[in-house]
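Shown below: work-v6.cif, with mmCIF, C-alpha atoms.
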```
data_protein
loop_
_atom_site.label_atom_id
_atom_site.label_comp_id
_atom_site.auth_asym_id
_atom_site.auth_seq_id
_atom_site.Cartn_x
_atom_site.Cartn_y
_atom_site.Cartn_z
CA MET E 53 -5.69 -1.37 15.20
CA VAL E 54 -3.29 -1.37 12.27
CA LYS E 55 0.21 -0.59 13.48
CA LEU E 56 2.67 0.65 10.88
CA VAL E 57 6.33 1.39 11.34
CA SER E 58 8.26 3.68 9.04
CA ARG E 59 11.67 2.62 7.79
CA SER E 60 13.25 5.14 10.18
CA GLY E 61 11.95 2.99 13.04
CA ARG E 62 9.37 5.42 14.41
CA THR E 63 6.14 3.69 15.36
CA ARG E 64 3.15 5.53 14.03
CA GLY E 65 -0.52 5.05 14.66
CA SER E 66 -0.05 3.36 18.05
CA ALA E 67 -1.15 4.67 21.42
CA GLY E 68 1.20 4.91 24.38
CA GLY E 69 0.69 6.73 27.68
CA PHE E 70 -2.00 9.39 27.43
CA ASN E 71 -0.38 12.64 28.51
CA GLN E 72 -2.11 15.90 27.66
CA ARG E 73 -0.40 16.30 24.29
CA LYS E 74 -1.28 12.76 23.24
CA VAL E 75 -4.89 13.21 24.29
CA ARG E 76 -5.11 16.36 22.19
CA ALA E 77 -3.52 14.59 19.21
CA TYR E 78 -5.96 11.68 19.61
CA ASN E 79 -8.93 14.07 19.72
CA GLU E 80 -7.71 15.90 16.62
CA ARG E 81 -7.45 12.56 14.80
CA LEU E 82 -10.93 11.69 16.01
CA VAL E 83 -12.43 14.89 14.60
CA LEU E 84 -10.62 14.48 11.26
CA SER E 85 -11.68 10.83 11.02
CA LEU E 86 -15.32 11.59 11.73
CA ILE E 87 -15.37 14.24 9.02
CA LYS E 88 -13.60 11.94 6.59
CA ARG E 89 -16.12 9.18 7.17
CA HIS E 90 -19.31 11.25 7.21
CA GLY E 91 -18.42 14.26 5.10
CA ALA E 92 -18.73 17.89 6.22
CA LEU E 93 -20.07 18.16 9.77
CA ALA E 94 -21.18 21.09 11.89
CA LYS E 95 -19.57 21.62 15.30
CA SER E 96 -22.73 20.43 17.06
CA GLU E 97 -22.70 17.15 15.11
CA ILE E 98 -18.99 16.62 15.81
CA THR E 99 -19.68 17.20 19.51
CA LYS E 100 -22.48 14.66 19.45
CA ARG E 101 -20.53 11.97 17.58
CA SER E 102 -17.20 12.43 19.37
CA GLY E 103 -18.46 12.65 22.97
CA LEU E 104 -16.19 15.64 23.51
CA SER E 105 -17.38 18.86 25.07
CA ALA E 106 -18.52 21.70 22.82
CA GLN E 107 -15.65 23.81 24.15
CA ALA E 108 -13.08 21.11 23.35
CA VAL E 109 -14.46 20.67 19.84
CA SER E 110 -14.32 24.43 19.27
CA VAL E 111 -10.65 24.51 20.27
CA ILE E 112 -9.80 21.49 18.11
CA ILE E 113 -11.61 22.87 15.05
CA ARG E 114 -9.86 26.20 15.48
CA GLU E 115 -6.44 24.52 15.62
CA LEU E 116 -7.13 22.22 12.66
CA GLU E 117 -8.40 25.15 10.63
CA LYS E 118 -5.28 27.11 11.57
CA ASP E 119 -3.14 24.17 10.42
CA GLY E 120 -4.95 24.17 7.07
CA LEU E 121 -6.54 20.75 7.57
CA LEU E 122 -10.15 21.94 7.76
CA LEU E 123 -12.22 24.39 5.74
CA LYS E 124 -15.43 26.19 6.67
CA GLY E 125 -18.42 25.54 4.45
CA ASP E 126 -21.32 27.84 3.75
CA PRO E 127 -23.58 28.44 6.77
CA VAL E 128 -26.74 26.32 6.86
CA ARG E 129 -29.70 28.19 8.29
CA GLY E 130 -32.32 26.34 10.30
CA ARG E 131 -35.66 27.50 11.58
CA VAL E 132 -34.30 28.84 14.87
CA GLY E 133 -30.97 29.84 16.33
CA GLN E 134 -27.66 30.61 14.70
CA PRO E 135 -26.84 29.01 11.33
CA SER E 136 -24.57 25.99 11.56
CA VAL E 137 -21.25 26.01 9.73
CA PRO E 138 -20.15 22.62 8.33
CA MET E 139 -16.44 21.84 8.53
CA ALA E 140 -14.83 19.80 5.76
CA LEU E 141 -11.40 18.37 5.09
CA ASN E 142 -9.20 20.74 3.13
CA PRO E 143 -8.04 18.87 0.00
CA GLU E 144 -4.81 20.89 0.09
CA GLY E 145 -4.25 20.17 3.78
CA ALA E 146 -2.06 17.13 3.12
CA TYR E 147 -0.74 14.98 0.29
CA SER E 148 0.51 11.44 -0.03
CA PHE E 149 2.23 9.21 -2.58
CA GLY E 150 1.13 5.67 -3.34
CA LEU E 151 3.29 3.19 -5.26
CA LYS E 152 1.91 -0.10 -6.53
CA VAL E 153 4.55 -2.62 -7.58
CA GLY E 154 2.83 -5.21 -9.73
CA ARG E 155 3.83 -8.20 -11.83
CA ARG E 156 3.35 -6.39 -15.14
CA SER E 157 3.37 -2.69 -14.18
CA ALA E 158 4.14 -0.15 -11.47
CA ASP E 159 1.84 2.78 -10.72
CA LEU E 160 2.68 5.95 -8.81
CA VAL E 161 -0.15 8.18 -7.63
CA LEU E 162 -0.26 11.48 -5.77
CA ILE E 163 -3.45 12.07 -3.79
CA ASP E 164 -4.73 14.96 -1.70
CA PHE E 165 -6.22 14.91 1.79
CA VAL E 166 -9.67 13.82 0.63
CA GLY E 167 -8.28 10.98 -1.49
CA SER E 168 -8.66 12.59 -4.91
CA THR E 169 -5.97 11.74 -7.45
CA VAL E 170 -3.84 14.76 -8.26
CA ARG E 171 -1.65 12.97 -10.80
CA ALA E 172 -0.74 9.39 -11.68
CA ILE E 173 1.96 7.79 -13.84
CA GLN E 174 2.75 4.21 -14.86
CA ILE E 175 5.53 2.02 -16.17
CA THR E 176 5.01 -1.41 -17.76
CA TYR E 177 7.43 -4.32 -18.00
CA SER E 178 7.59 -8.07 -18.56
CA TYR E 179 8.56 -8.67 -14.94
CA PRO E 180 9.59 -6.31 -12.09
CA MET E 181 13.22 -5.70 -11.13
CA PRO E 182 13.96 -3.61 -8.02
CA ASP E 183 16.46 -1.16 -9.56
CA MET E 184 14.11 -0.37 -12.45
CA VAL E 185 11.07 0.13 -10.24
CA LEU E 186 13.08 2.17 -7.74
CA ALA E 187 14.38 4.49 -10.45
CA PHE E 188 10.83 4.95 -11.76
CA ALA E 189 9.51 5.76 -8.28
CA VAL E 190 12.28 8.20 -7.33
CA GLN E 191 12.07 10.16 -10.58
CA GLY E 192 8.28 10.02 -10.55
CA ILE E 193 8.11 11.47 -7.04
CA LYS E 194 10.46 14.29 -8.05
CA ASP E 195 8.24 15.07 -11.01
CA LEU E 196 4.93 14.85 -9.16
CA VAL E 197 6.14 17.05 -6.31
CA GLN E 198 6.32 19.87 -8.85
CA VAL E 199 2.55 19.61 -9.32
CA ILE E 200 2.02 20.84 -5.74
CA VAL E 201 2.37 24.56 -5.12
CA GLU E 202 5.65 25.31 -3.37
CA GLU E 203 4.10 26.25 -0.01
CA GLY E 204 2.23 22.94 0.06
CA ARG E 205 5.20 20.63 -0.46
CA ASP E 206 5.93 20.34 3.26
CA LYS E 207 2.47 18.79 3.66
CA ILE E 208 3.47 15.48 2.04
CA ALA E 209 2.76 12.77 4.62
CA GLY E 210 4.90 10.06 3.05
CA ILE E 211 4.95 7.19 0.58
CA GLY E 212 2.79 4.11 0.82
CA ILE E 213 3.99 0.99 -1.01
CA ALA E 214 1.68 -1.82 -2.12
CA MET E 215 3.46 -4.88 -3.40
CA PRO E 216 3.14 -8.68 -3.31
CA PHE E 217 4.94 -10.34 -0.43
CA HIS E 218 7.54 -12.97 -1.43
CA LEU E 219 7.49 -11.78 -5.02
CA TRP E 220 10.28 -14.19 -5.88
CA ASP E 221 8.02 -17.19 -5.16
CA TRP E 222 6.01 -16.44 -8.31
CA GLU E 223 8.98 -16.25 -10.69
CA GLU E 224 7.84 -19.07 -12.98
CA LYS E 225 4.28 -17.77 -13.25
CA ILE E 226 5.50 -14.24 -13.96
CA GLY E 227 7.56 -15.60 -16.82
CA ALA E 228 10.90 -14.27 -15.57
CA PRO E 229 14.13 -16.15 -16.32
CA GLU E 230 15.05 -18.67 -13.64
CA GLY E 231 16.81 -17.05 -10.68
CA THR E 232 16.04 -13.48 -11.82
CA MET E 233 13.56 -12.63 -9.07
CA ALA E 234 15.81 -13.85 -6.24
CA VAL E 235 17.31 -10.34 -6.07
CA TRP E 236 14.14 -9.20 -4.29
CA LYS E 237 14.94 -11.41 -1.26
CA ASP E 238 17.78 -9.21 -0.02
CA PHE E 239 16.65 -5.88 -1.48
CA ASP E 240 14.95 -3.63 1.09
CA PHE E 241 12.91 -1.66 -1.40
CA ALA E 242 11.13 0.52 1.18
CA GLU E 243 14.38 1.49 2.88
CA GLN E 244 16.01 2.37 -0.44
CA LEU E 245 13.02 4.45 -1.52
CA GLU E 246 12.84 6.33 1.79
CA GLU E 247 16.54 7.11 1.62
CA ARG E 248 16.47 8.34 -1.98
CA ALA E 249 13.11 10.12 -1.99
CA GLY E 250 13.36 11.67 1.46
CA TYR E 251 9.89 10.74 2.75
CA PRO E 252 8.85 8.06 5.28
CA THR E 253 7.64 4.85 3.66
CA PHE E 254 4.99 2.36 4.75
CA THR E 255 4.52 -1.04 3.12
CA GLN E 256 1.46 -3.26 2.79
CA ASN E 257 0.54 -6.33 0.77
CA ASP E 258 -0.99 -5.20 -2.54
CA GLY E 259 -4.26 -7.09 -2.08
CA THR E 260 -4.67 -5.75 1.45
CA ALA E 261 -3.92 -2.23 0.21
CA ALA E 262 -6.63 -2.51 -2.45
CA CYS E 263 -9.06 -3.71 0.21
CA GLY E 264 -8.12 -0.70 2.33
CA ALA E 265 -8.81 1.60 -0.61
CA GLU E 266 -12.28 0.08 -0.98
CA ILE E 267 -12.93 0.84 2.69
CA SER E 268 -11.53 4.38 2.51
CA PHE E 269 -12.74 5.53 -0.90
CA GLY E 270 -15.21 2.94 -2.22
CA ARG E 271 -18.36 1.11 -1.26
CA GLY E 272 -16.62 -0.95 1.39
CA ILE E 273 -17.47 1.74 3.93
CA GLU E 274 -21.08 0.52 3.76
CA PHE E 275 -20.28 -2.90 5.27
CA SER E 276 -18.75 -3.98 8.57
CA ASP E 277 -17.37 -7.28 7.21
CA PHE E 278 -16.50 -8.35 3.69
CA LEU E 279 -14.14 -10.45 1.62
CA TYR E 280 -12.32 -8.45 -1.04
CA ILE E 281 -11.07 -10.10 -4.22
CA PHE E 282 -8.84 -8.32 -6.73
CA VAL E 283 -8.28 -10.06 -10.07
CA GLY E 284 -5.08 -8.79 -11.62
CA THR E 285 -2.15 -10.53 -13.27
CA PHE E 286 -2.38 -12.63 -10.10
CA VAL E 287 -5.55 -12.88 -8.03
CA GLY E 288 -5.30 -11.46 -4.52
CA GLY E 289 -7.46 -10.00 -1.85
CA GLY E 290 -8.05 -8.76 1.66
CA ILE E 291 -10.37 -9.19 4.62
CA ALA E 292 -12.40 -6.46 6.32
CA LEU E 293 -13.73 -7.23 9.80
CA ASN E 294 -15.57 -4.74 12.00
CA ASN E 295 -15.07 -1.94 9.46
CA SER E 296 -11.31 -2.37 9.49
CA ILE E 297 -8.60 -4.27 7.65
CA TYR E 298 -7.63 -7.58 9.19
CA SER E 299 -3.97 -8.09 8.26
CA GLY E 300 -3.24 -11.28 10.15
CA ARG E 301 -0.18 -12.52 12.00
CA THR E 302 2.20 -12.01 9.09
CA ARG E 303 0.23 -9.12 7.49
CA ASN E 304 -0.77 -11.51 4.69
CA ALA E 305 -4.39 -12.33 5.54
CA GLY E 306 -6.54 -12.64 2.44
CA ALA E 307 -3.75 -14.23 0.40
CA LEU E 308 -6.29 -15.81 -1.92
CA ALA E 309 -3.76 -16.64 -4.61
CA SER E 310 -2.38 -19.42 -2.42
CA LEU E 311 -5.71 -21.14 -1.73
CA PRO E 312 -5.43 -24.86 -2.62
CA LEU E 313 -7.89 -26.14 -5.21
CA PRO E 314 -9.37 -29.62 -5.63
CA GLU E 315 -8.43 -29.86 -9.30
CA PRO E 316 -8.49 -33.50 -10.53
CA GLY E 317 -5.21 -34.51 -12.10
CA ALA E 318 -3.40 -31.34 -11.08
CA GLU E 319 -0.76 -31.38 -8.38
CA GLU E 320 -0.77 -28.53 -5.87
CA ALA E 321 -3.21 -26.41 -7.87
CA GLN E 322 -4.01 -23.02 -6.34
CA LEU E 323 -6.51 -20.26 -7.04
CA ILE E 324 -3.78 -18.23 -8.73
CA ASP E 325 -3.57 -20.92 -11.42
CA TYR E 326 -7.08 -20.31 -12.78
CA ALA E 327 -8.52 -17.03 -11.48
CA SER E 328 -5.62 -14.79 -12.55
CA LEU E 329 -5.09 -12.88 -15.76
CA TYR E 330 -1.79 -14.63 -16.20
CA PHE E 331 -3.83 -17.79 -16.89
CA LEU E 332 -5.70 -15.90 -19.62
CA GLU E 333 -2.32 -14.82 -20.99
CA ALA E 334 -1.26 -18.48 -21.06
CA ILE E 335 -4.38 -19.46 -23.03
CA LEU E 336 -3.71 -16.67 -25.51
CA LYS E 337 -0.13 -17.87 -26.05
CA GLU E 338 -1.36 -21.41 -26.51
CA ARG E 339 -3.78 -20.25 -29.23
CA GLY E 340 -1.09 -18.21 -30.99
CA LEU E 341 -2.49 -14.85 -29.85
CA ASP E 342 -0.55 -11.90 -28.42
CA PRO E 343 -0.95 -11.78 -24.58
CA THR E 344 0.20 -8.14 -24.46
CA LEU E 345 -3.18 -7.20 -25.94
CA LEU E 346 -4.50 -7.31 -22.36
CA GLN E 347 -2.21 -4.42 -21.41
CA GLN E 348 -3.44 -2.18 -24.23
CA SER E 349 -6.13 0.19 -22.95
CA SER E 350 -7.68 0.52 -26.41
CA PHE E 351 -8.12 -3.24 -26.93
CA ASP E 352 -11.69 -4.63 -26.79
CA TRP E 353 -11.47 -7.85 -24.80
CA THR E 354 -14.74 -9.14 -26.28
CA GLU E 355 -12.82 -9.72 -29.52
CA LEU E 356 -11.18 -12.69 -27.78
CA GLY E 357 -14.47 -14.56 -28.10
CA ASP E 358 -14.35 -18.18 -26.92
CA VAL E 359 -10.92 -17.74 -25.35
CA LEU E 360 -12.29 -15.09 -23.02
CA GLU E 361 -15.38 -17.17 -22.23
CA GLU E 362 -13.21 -20.17 -21.36
CA TRP E 363 -11.20 -18.11 -18.90
CA LEU E 364 -14.27 -16.42 -17.41
CA ASP E 365 -16.00 -19.77 -16.80
CA LYS E 366 -12.93 -21.29 -15.18
CA ALA E 367 -12.16 -18.23 -13.06
CA ALA E 368 -15.79 -17.88 -11.92
CA HIS E 369 -15.99 -21.54 -10.89
CA TYR E 370 -12.96 -21.36 -8.65
CA LEU E 371 -13.75 -17.90 -7.29
CA ALA E 372 -17.14 -19.23 -6.20
CA LEU E 373 -15.36 -22.12 -4.46
CA ALA E 374 -12.95 -19.73 -2.74
CA ILE E 375 -15.87 -17.58 -1.59
CA ALA E 376 -17.62 -20.61 -0.12
CA ASN E 377 -14.49 -21.59 1.81
CA ALA E 378 -14.01 -18.06 3.16
CA THR E 379 -17.69 -17.80 4.11
CA ALA E 380 -17.57 -21.07 6.02
CA ILE E 381 -14.76 -19.69 8.19
CA LEU E 382 -15.58 -15.99 8.48
CA ASP E 383 -19.38 -15.89 8.02
CA ILE E 384 -18.99 -12.84 5.79
CA GLU E 385 -22.02 -10.93 4.55
CA VAL E 386 -20.55 -9.42 1.38
CA VAL E 387 -17.91 -10.20 -1.25
CA ILE E 388 -16.54 -7.32 -3.32
CA ILE E 389 -14.78 -8.24 -6.57
CA ASP E 390 -12.59 -5.79 -8.48
CA GLY E 391 -9.70 -6.05 -10.91
CA THR E 392 -7.59 -4.58 -13.68
CA MET E 393 -9.85 -5.72 -16.50
CA PRO E 394 -12.28 -3.43 -18.37
CA ALA E 395 -15.52 -2.67 -16.51
CA ASN E 396 -17.71 -4.68 -18.90
CA ILE E 397 -15.51 -7.77 -18.48
CA ARG E 398 -15.49 -7.37 -14.71
CA GLU E 399 -19.30 -7.23 -14.74
CA LYS E 400 -19.40 -10.38 -16.84
CA LEU E 401 -17.05 -12.19 -14.45
CA ILE E 402 -19.13 -11.20 -11.44
CA ASP E 403 -22.33 -12.38 -13.15
CA LYS E 404 -20.69 -15.75 -13.77
CA VAL E 405 -19.47 -15.96 -10.16
CA ARG E 406 -23.02 -15.30 -8.95
CA LEU E 407 -24.35 -17.97 -11.29
CA ALA E 408 -21.71 -20.47 -10.16
CA GLN E 409 -22.59 -19.72 -6.55
CA GLU E 410 -26.31 -20.30 -7.21
CA GLN E 411 -25.61 -23.62 -8.89
CA LYS E 412 -23.72 -24.93 -5.87
CA SER E 413 -25.43 -26.27 -2.79
CA TRP E 414 -23.25 -25.87 0.29
CA SER E 415 -25.24 -26.86 3.34
CA GLY E 416 -24.76 -24.73 6.43
CA ILE E 417 -23.35 -21.68 4.62
CA ALA E 418 -25.25 -18.40 4.39
CA THR E 419 -24.61 -17.22 0.84
CA PRO E 420 -22.97 -13.77 0.78
CA VAL E 421 -23.96 -10.96 -1.56
CA ILE E 422 -21.46 -10.47 -4.38
CA LEU E 423 -20.87 -6.87 -5.42
CA GLU E 424 -18.67 -5.06 -7.91
CA GLY E 425 -15.74 -3.00 -6.69
CA SER E 426 -15.80 0.71 -7.31
CA LEU E 427 -12.15 1.61 -7.94
CA GLY E 428 -10.78 -0.73 -10.61
CA ALA E 429 -7.11 -0.85 -11.54
CA PRO E 430 -6.02 2.14 -9.36
CA ALA E 431 -7.23 0.45 -6.15
CA ARG E 432 -3.83 -0.86 -5.06
CA ALA E 433 -1.98 2.43 -5.59
CA LEU E 434 -4.79 4.38 -3.88
CA GLY E 435 -4.70 1.99 -0.94
CA ALA E 436 -0.96 2.49 -0.67
CA ALA E 437 -1.37 6.28 -0.77
CA SER E 438 -3.90 6.18 2.06
CA LEU E 439 -1.37 4.60 4.46
CA PRO E 440 0.69 7.73 5.28
CA LEU E 441 -2.51 9.78 5.75
CA LEU E 442 -3.92 7.16 8.12
CA VAL E 443 -0.71 7.00 10.10
CA ARG E 444 -0.25 10.75 10.42
CA TYR E 445 -3.77 12.16 10.68
CA LEU E 446 -6.53 9.59 11.16
CA LEU E 447 -7.83 6.86 13.46
CA ASP E 448 -8.19 3.21 12.64
CA GLN E 449 -11.80 2.35 11.80
CA ASN E 450 -12.09 0.08 14.85
CA MET E 451 -11.37 3.00 17.16
CA LEU E 452 -13.68 5.27 15.19
CA LEU E 453 -16.63 2.87 15.63
CA THR E 454 -16.88 3.78 19.31
CA HIS E 455 -17.82 7.29 18.23
CA MET E 456 -20.52 6.46 15.68
#
```

Entire entry expressed as structure tokens:
Amino acid sequence: MVKLVSRSGRTRGSAGGFNQRKVRAYNERLVLSLIKRHGALAKSEITKRSGLSAQAVSVIIRELEKDGLLLKGDPVRGRVGQPSVPMALNPEGAYSFGLKVGRRSADLVLIDFVGSTVRAIQITYSYPMPDMVLAFAVQGIKDLVQVIVEEGRDKIAGIGIAMPFHLWDWEEKIGAPEGTMAVWKDFDFAEQLEERAGYPTFTQNDGTAACGAEISFGRGIEFSDFLYIFVGTFVGGGIALNNSIYSGRTRNAGALASLPLPEPGAEEAQLIDYASLYFLEAILKERGLDPTLLQQSSFDWTELGDVLEEWLDKAAHYLALAIANATAILDIEVVIIDGTMPANIREKLIDKVRLAQEQKSWSGIATPVILEGSLGAPARALGAASLPLLVRYLLDQNMLLTHM
């Protein structure tokens, strides 16, 4: 189970001794989680899936409806007996902020209880500095709170933060002046944001957060195990095992950027060096082209012609190699690839990865299916925003599986 601790020190999402109040809270989370995973459910279906008594489910539904977390749907009439009434999550039952701190931009998103985006804002930069990103986040939260009706503002669960761990290690590749990024080492961003914004904060690696978003809101819910790859300014990823995020000992599992590569003539080459958009930026600079074109939403990447094809071929080759290595260790059934690039370019990259995989012959490895992610650029911010909702209202997927 994922265990998250807010900056105030309160452990959330963990189970201690089961007194009556904790059992009730667990059962409420169970009902909410089942509805979130399967959509609107009638009381009889919740009883069947949860293993709780019909009386207990009735009490829980009544309390959750009273708290504004559930809504009654239209009665569904069957052939015999009373019509069933499906219960659904109330979109206005809770809200959450998600902040993605990236190498070229920061995104702040406000989502409702069902994961729909209420509002999103963005800031771009050449490289991230903590004071600048903090000021953006604090003011952005103040502005986005105004979007929620006044009586709903006490339903904000908190702020999730998705950001690269050890951001200062990538200073040279980001293109920041030497020594600039060292300020991040001693800057407790989450603590500062919690103090200034007034909501509990929860931090996760950006690749892991995007993987979590694919599980919560995308097609990842269809698969028990998969490798998730997100191609942004830097390539990153996450690992899903048994329908849940596997974070690892240091919460950095799926750190694909750091994978060593057997590149002839290159010392200490890693996946980040070839499968990241920063590498495409470097090629553009080398050819005398403007790398900021990649950050312009109106720009058609196909106009880059051979430059784009060169990057796609190189990235696909090494992504296929990374997939083979991960498959040999984890025996994964599916790989989901997403990224910040336009949808048509992402499709092209995935096609080339599939082709590169077919052209290789790795004995003893069951080739996984490669699929396209469903969320695109917002994945990391959405994954961050899901953290406070998970901690406050829902069960980890591993615990939910016992009630399927």

Exercise. Would you list the contacts of Lys237 of chain E as a ChimeraX atom specification, taking every protein, DNA or RNA residue within 8 Å and counting all atoms listed in the file, but skipping same-chain residues closer than 2 positions in sequence?
Key: /E:218,220,234-235,239

Quiz item: Any idea what's packed within 12 Å of Glu117 of chain E, counting only C-alpha atoms, ignoring anything in its chain fewer than 3 positions away? Could you give it as a ChimeraX atom specification?
Solution: /E:80,83-84,109-114,120-125,139-142,144-145

Practice problem: Convert the output of the PyMOL selection byres ((chain E and resi 336) around 12) on the shown file into explicit residues, formatted as a VMD selection string. | Solution: chain E and resid 329 to 335 337 to 346 353 356 to 360 362 to 363

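Taken over the shown file, the PyMOL selection byres ((chain E and resi 90) around 12) identifies Val83, Leu84, Ser85, Leu86, Ile87, Lys88, Arg89, Gly91, Ala92, Leu93, Ala94, Glu97, Ile98, Arg101, Pro138, Met139, Ala140, Leu141, Val166, Ser268, Phe269, Ile273, Glu274, Leu452, His455 and Met456 of chain E.
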
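Residue neighbourhood of Ile211 of chain E, excluding near-sequence residues (fewer than 6 positions): Ser148, Phe149, Gly150, Leu151, Leu245, Glu246, Tyr251, Pro252, Thr253, Phe254, Thr255, Ala436, Ala437, Leu439 and Pro440 of chain E, at 9 Å, using all atoms listed in the file.
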
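Candidate residues E:Lys225, E:Lys404, E:Lys95, E:Arg303 were compared for distance to His369 of chain E, and the nearest is E:Lys404, using only C-alpha atoms.
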
Quiz item: Within 10 Å of (-13.9, 2.4, 2.5), only C-alpha atoms: residues as a PyMOL selection string?
Solution: chain E and resi 89+263-275+292+295-297+435+449

Using the selection just defined, write its residues with C-alpha atoms as a PDB file, in the frame of the given file.
```
ATOM      1  CA  ARG E  89     -16.120   9.180   7.170  1.00  0.00           C
ATOM      2  CA  CYS E 263      -9.060  -3.710   0.210  1.00  0.00           C
ATOM      3  CA  GLY E 264      -8.120  -0.700   2.330  1.00  0.00           C
ATOM      4  CA  ALA E 265      -8.810   1.600  -0.610  1.00  0.00           C
ATOM      5  CA  GLU E 266     -12.280   0.080  -0.980  1.00  0.00           C
ATOM      6  CA  ILE E 267     -12.930   0.840   2.690  1.00  0.00           C
ATOM      7  CA  SER E 268     -11.530   4.380   2.510  1.00  0.00           C
ATOM      8  CA  PHE E 269     -12.740   5.530  -0.900  1.00  0.00           C
ATOM      9  CA  GLY E 270     -15.210   2.940  -2.220  1.00  0.00           C
ATOM     10  CA  ARG E 271     -18.360   1.110  -1.260  1.00  0.00           C
ATOM     11  CA  GLY E 272     -16.620  -0.950   1.390  1.00  0.00           C
ATOM     12  CA  ILE E 273     -17.470   1.740   3.930  1.00  0.00           C
ATOM     13  CA  GLU E 274     -21.080   0.520   3.760  1.00  0.00           C
ATOM     14  CA  PHE E 275     -20.280  -2.900   5.270  1.00  0.00           C
ATOM     15  CA  ALA E 292     -12.400  -6.460   6.320  1.00  0.00           C
ATOM     16  CA  ASN E 295     -15.070  -1.940   9.460  1.00  0.00           C
ATOM     17  CA  SER E 296     -11.310  -2.370   9.490  1.00  0.00           C
ATOM     18  CA  ILE E 297      -8.600  -4.270   7.650  1.00  0.00           C
ATOM     19  CA  GLY E 435      -4.700   1.990  -0.940  1.00  0.00           C
ATOM     20  CA  GLN E 449     -11.800   2.350  11.800  1.00  0.00           C
TER      21      GLN E 449
END
```

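Taking all atoms listed in the file into account, Ile281 of chain E lies nearest to E:Ile388 out of the set E:Ile226, E:Ile417, E:Ile388, E:Ala433.
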
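Nearest to Met215 of chain E of all the residues E:Tyr177, E:Phe188, E:Tyr445, E:Phe286 is E:Phe286, based on only C-alpha atoms.
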
Self-check item: Test item: the PyMOL selection byres ((chain E and resi 161) around 12) resolved as a PyMOL selection string
Solution: chain E and resi 147-153+158-160+162-164+167-175+189+192-193+195-197+199+210-214+430-438
